[in-house]
Amino acid sequence: MASKVVTPALLLLLFSIFITFSPALCLKQHPLDSLTPSEFIHIKAIIHKAYPAQNLTFQYVGLDEPEKYTVLSWQSKSTTSTKSPPPPRRALVVTRLNKQTHEIIVDLSTRSIVSSKVHNGANGLPVLTLDEQTYANELPFKHEPFIKSIRKRGLDISQIVCSGFSVGWFGEAKSRRTLKINCFYTNGTVNFYVRPVEGIALVVDLDEMEIIKYSDRFIVPVPKGEGTEYQASKQKPPFGPLLHGAPVVQSQEEGFSLEGHTIRWANWVFHLGFDVRTGTIISLASIYDLAKHKYRRVLYRGFVSELFVPYMNPTEDWYFKTFFDCGEFGFGQSAVSLEPLTDCPANAKFMDAYYAGQDGTPVKISNAFCIFERHAGNILWRHTEVTIPNKVITEVRPEVTLVVRMVAVVGNYDYIIDWVFKPSGSIKLEVGLTGVLETEGVKYTKTNEIEEEVYGTLVADNTIAVNHDHFLTYHLDLDVDGEANSFVKNKMVTKRVKDPNIPRKSYWTVESETAKTESDAKLHLGLKPSDLVVVNPNKRTKPGNPIGYRLIPGSLAGPLLLEDDYPQIRGAFTKYNVWVTPYNKSEKWAGGQYVDQSRGGDTLATWSLRNREIENKDIVLWYTIGFHHAPCQEDFPMMPTLSGGFELRPTNFFESSPVLKVRTISPKHVPLPNCTTKN
């Protein structure tokens, strides 16, 4: 009998099966953990067994998260001495097969398909994969009319780079699954987005993977590459100011701990997940209450639901540039590896992320997340008292926060997404916009030469940086000390003093209004002063105040497009800064489940038309932070980071300040030569 040879490939397969299905290891798995590489491998095998066709592609593979009550039940049992096994693992798989979109639920515990249905493409198409975008971008170089057009412009085709752009929807009754291709010139710089080759337009059918439309309508000069290079190694004197990196003062102990994907820091504990569509997902964020001796939940699940970026150039070559970066391109798919010491400080820990490529094989993003304590020199709280005779009392506590960071690069823009946890109980959500401006090549070199509307700013010779918006909509399933919550608008109202003996004439007071239905909660912020609080009406503090968390808004930009404009129909979820809906597992994506070429029929705005009850219910807060960007020359050729954000802050959640008794671990000694020492 011949001996059996155990190959490395067989060992890898056996190991992946053991990791995925070993009962001992499954006990440690969190029900909200992202899909693992071995799970992606099994999903691929299960799908191919059921659909053996060669032309099947994986457009989206993500965790089909268990029902909320199931997760919370598991969590409550897992805090006891008897550990509870997690619920069965399932995956949502979206594939393309024979020009149809298939939506499939895979049960990993039974290695079977639970359900499968064909999605009607009229309501939108799935996320674009990186592979199909790459294939589409290569097609022009095999297309003879394109090659002739490049030669006609006197350009070196070996220095041409092409990039795909989603086409949107503009009232078409039926359309093919397509991508528009624009091309750029790299000769002399890697900053190709600022060197567009204008006049050439290509349309690619993604299912057939062929060019179905080509035009070469006009020629304008390609903007110069001189002065646009951003690589440090390519810079020449004179140089800018020399910046010294801030030293990180390390304490004697690690500031936080990682157990799988669960992070514990100071008085916080939460789960960190990853999804190819949204990237960072924060779940089960709870804070320890010193007075009650227990953790209290604040946030069940939070993530960027959609990012709408409409450009304001309505011409033939630009009107379609109205992007939905999560639903069309995948914010998680666009995540990049973070650079130690530059993207993240020296005290950061890094975590990898995985997603399924177009063929179903797991793709690794090294260092997709970094987690670090931020010692920014800010003050947590302080007070100096000089009123007591013969005494000067000064108490100061330095602020230390925990940051979870991811960077997504969608085409020309880099988005820095931070979740910042504070010991005071606040969660701050920050976003930084940087990268390269989207530009249009024109014939003008001076503003006084411009004879027509150019839809942006002339930032360099032959270069218009086009006006545009960024709207980030966050899905925030707040569970303020329990699932049953209400949304309260505390309005600041001016009142006249009635007592004639008081010289004051006016003051303001707070009048509270609880939103009963979804329509009551839709808000344009900034019109009237108010505090917006998610409260638990079933629990009160000792003095009798309802416990809650307050939304402290950030940038208050709202859409300026007409409501009947096609991009705004699709992006109607940006009409209000704030929406509140009852929890529904299927309502995750503000722009709809399928966004590419969507028609606006499945958005946050359409769900809310039902005007469901939201008082004392399990509710979701949706908040949109917006930026109107009229570019300036300082944004060119590389845009300094433009930052914004908002905060979720405890409001009568605790009986008193949660940081009164905060302690600081003494850091390693750092000489302070310019500091006067107190004796």
# chains A, B, ... in the order shown; residues from 1 in each chain; ligands from 1
$ residues_around --residues "stretch 452-465 of chain A" --least-positions-apart "3" --cutoff "8 Å" --atoms "only C-alpha atoms" --output "count of residues only"
23
$ residues_around --residues "A:His102" --least-positions-apart "6" --cutoff "10 Å" --atoms "only C-alpha atoms" --output "list in words"
Leu56, Phe58, Gln59, Val93, Val94, Thr95, Arg96, Ser116, Lys117, Val118, His119, Asn120 and Pro126 of chain A
$ closest_residue --among "A:Arg540, A:Lys617, A:His375, A:Arg504" --to "A:Arg397" --atoms "only C-alpha atoms"
A:His375
$ closest_residue --among "A:Asn584, A:Asn485, A:Thr541, A:Gln358" --to "A:Glu655" --atoms "only C-alpha atoms"
A:Thr541
$ closest_residue --among "A:Val386, A:Met209, A:Leu272, A:Val431" --to "A:Asp131" --atoms "only C-alpha atoms"
A:Met209
$ select_by_dssp --residues "stretch 485-667 of chain A" --states "helix (DSSP H, G or I)" --output "list in words"
Glu518, Ser519, Asp520, Ala521, Tyr566, Pro567, Gln568, Ile569, Arg570, Ala572, Phe573, Thr574, Leu604, Ala605, Thr606, Trp607, Ser608, Leu609, Arg610, Gln633, Glu634 and Asp635 of chain A
$ closest_atom_pairs --of "stretch 325-355 of chain A" --to "stretch 31-34 of chain A" --cutoff "10 Å" --atoms "only C-alpha atoms" --output "tab-separated table"
residue	atom	partner	partner_atom	distance
A:Ala353	CA	A:Ser34	CA	8.5
A:Tyr354	CA	A:Ser34	CA	8.3
A:Tyr355	CA	A:Ser34	CA	9.1
$ closest_residue --among "A:Gln100, A:Cys183, A:Lys321, A:Ile200" --to "A:Pro145" --atoms "only C-alpha atoms"
A:Ile200
$ select_by_dssp --residues "stretch 149-258 of chain A" --states "strand (DSSP E)" --output "MDAnalysis selection string"
chainID A and resid 160:165 178:185 200:205 210:216 256:258
$ atom_distance --atom1 "atom CA of A:Gly571" --atom2 "atom CA of A:Gly591"
6.5 Å
$ atom_distance --atom1 "atom CA of A:Thr322" --atom2 "atom CA of A:Val420"
29.8 Å
$ closest_residue --among "A:Arg296, A:Lys588, A:His261, A:Arg111" --to "A:Gly482" --atoms "only C-alpha atoms"
A:Arg296
$ closest_atom_pairs --of "stretch 582-640 of chain A" --to "stretch 542-566 of chain A" --cutoff "8 Å" --atoms "only C-alpha atoms" --output "JSON lines"
{"residue": "A:Arg599", "atom": "CA", "partner": "A:Tyr566", "partner_atom": "CA", "distance": 7.9}
{"residue": "A:Ile625", "atom": "CA", "partner": "A:Ser555", "partner_atom": "CA", "distance": 5.8}
{"residue": "A:Gly626", "atom": "CA", "partner": "A:Ala557", "partner_atom": "CA", "distance": 4.6}
{"residue": "A:Phe627", "atom": "CA", "partner": "A:Ala557", "partner_atom": "CA", "distance": 5.6}
{"residue": "A:His628", "atom": "CA", "partner": "A:Ala557", "partner_atom": "CA", "distance": 6.5}
$ write_last_selection --atoms "N, CA, C and O atoms" --output "tab-separated table (two decimals), in the first residue's frame"
chain	number	residue	atom	x	y	z
A	599	ARG	N	-31.78	54.27	-8.05
A	599	ARG	CA	-32.75	55.29	-8.46
A	599	ARG	C	-33.41	55.99	-7.28
A	599	ARG	O	-34.41	56.68	-7.43
A	625	ILE	N	-22.52	64.56	8.51
A	625	ILE	CA	-21.58	65.67	8.59
A	625	ILE	C	-21.20	66.05	7.17
A	625	ILE	O	-20.89	65.18	6.34
A	626	GLY	N	-21.28	67.33	6.85
A	626	GLY	CA	-21.08	67.76	5.46
A	626	GLY	C	-20.01	68.82	5.30
A	626	GLY	O	-19.72	69.59	6.23
A	627	PHE	N	-19.42	68.85	4.11
A	627	PHE	CA	-18.42	69.85	3.74
A	627	PHE	C	-18.74	70.36	2.33
A	627	PHE	O	-18.85	69.55	1.40
A	628	HIS	N	-18.91	71.66	2.18
A	628	HIS	CA	-18.92	72.28	0.85
A	628	HIS	C	-17.48	72.69	0.56
A	628	HIS	O	-16.89	73.47	1.32
$ closest_residue --among "A:Ser38, A:Val276, A:Leu341, A:Thr664" --to "A:Gly357" --atoms "only C-alpha atoms"
A:Val276
$ atom_distance --atom1 "atom CA of A:Leu155" --atom2 "atom CA of A:Ala136"
21.1 Å
$ residues_around --residues "A:Val659" --least-positions-apart "6" --cutoff "10 Å" --atoms "only C-alpha atoms" --output "compact mmCIF listing (two decimals) with N, CA, C and O atoms, in the first residue's frame"
# COMPACT_ATOMS: atom_id res chain seq x y z
N ASN A 267 -12.05 53.11 31.14
CA ASN A 267 -13.38 52.66 31.56
C ASN A 267 -14.25 52.21 30.38
O ASN A 267 -15.47 52.10 30.51
N LEU A 290 -18.46 53.76 37.88
CA LEU A 290 -17.82 53.51 39.16
C LEU A 290 -18.84 53.45 40.29
O LEU A 290 -18.71 52.65 41.22
N LEU A 380 -7.93 67.30 30.47
CA LEU A 380 -9.18 66.61 30.76
C LEU A 380 -10.07 67.50 31.63
O LEU A 380 -11.25 67.71 31.34
N TRP A 381 -9.52 67.99 32.72
CA TRP A 381 -10.19 69.02 33.53
C TRP A 381 -9.15 69.70 34.41
O TRP A 381 -8.09 69.14 34.68
N ARG A 397 -5.81 67.51 35.37
CA ARG A 397 -5.71 66.14 34.87
C ARG A 397 -5.47 66.20 33.36
O ARG A 397 -6.27 66.80 32.62
N LYS A 422 -13.18 58.84 25.09
CA LYS A 422 -12.68 59.67 26.18
C LYS A 422 -13.10 59.08 27.52
O LYS A 422 -14.20 58.53 27.65
N PRO A 423 -12.26 59.22 28.56
CA PRO A 423 -12.64 58.70 29.88
C PRO A 423 -13.84 59.41 30.48
O PRO A 423 -14.49 58.89 31.38
N SER A 424 -14.18 60.57 29.94
CA SER A 424 -15.35 61.31 30.40
C SER A 424 -16.66 60.68 29.94
O SER A 424 -17.74 61.10 30.35
N GLY A 425 -16.57 59.68 29.07
CA GLY A 425 -17.76 59.02 28.54
C GLY A 425 -18.10 59.45 27.13
O GLY A 425 -19.00 58.88 26.51
$ residues_around --residues "A:Thr517" --least-positions-apart "5" --cutoff "8 Å" --atoms "only C-alpha atoms" --output "JSON, numbers by chain"
{"A": [611, 612, 613, 614, 615]}
$ write_last_selection --atoms "N, CA, C and O atoms" --output "mmCIF file, in the first residue's frame"
data_model
loop_
_atom_site.group_PDB
_atom_site.id
_atom_site.type_symbol
_atom_site.label_atom_id
_atom_site.label_comp_id
_atom_site.auth_asym_id
_atom_site.auth_seq_id
_atom_site.Cartn_x
_atom_site.Cartn_y
_atom_site.Cartn_z
ATOM 1 N N ASN A 611 -43.050 56.782 8.531
ATOM 2 C CA ASN A 611 -43.327 57.582 9.732
ATOM 3 C C ASN A 611 -43.650 56.689 10.937
ATOM 4 O O ASN A 611 -44.660 56.872 11.628
ATOM 5 N N ARG A 612 -42.756 55.769 11.200
ATOM 6 C CA ARG A 612 -42.970 54.809 12.278
ATOM 7 C C ARG A 612 -42.779 55.459 13.658
ATOM 8 O O ARG A 612 -42.115 56.491 13.794
ATOM 9 N N GLU A 613 -43.315 54.822 14.663
ATOM 10 C CA GLU A 613 -43.172 55.315 16.032
ATOM 11 C C GLU A 613 -41.740 55.096 16.514
ATOM 12 O O GLU A 613 -41.144 54.046 16.262
ATOM 13 N N ILE A 614 -41.203 56.091 17.233
ATOM 14 C CA ILE A 614 -39.831 55.983 17.725
ATOM 15 C C ILE A 614 -39.719 56.321 19.210
ATOM 16 O O ILE A 614 -38.614 56.304 19.761
ATOM 17 N N GLU A 615 -40.831 56.610 19.865
ATOM 18 C CA GLU A 615 -40.769 56.952 21.286
ATOM 19 C C GLU A 615 -40.686 55.687 22.130
ATOM 20 O O GLU A 615 -41.485 54.767 21.983
#
$ residues_around --residues "A:Lys491" --least-positions-apart "2" --cutoff "12 Å" --atoms "only C-alpha atoms" --output "VMD selection string"
chain A and resid 488 to 489 493 to 494 508 to 514 525 to 533
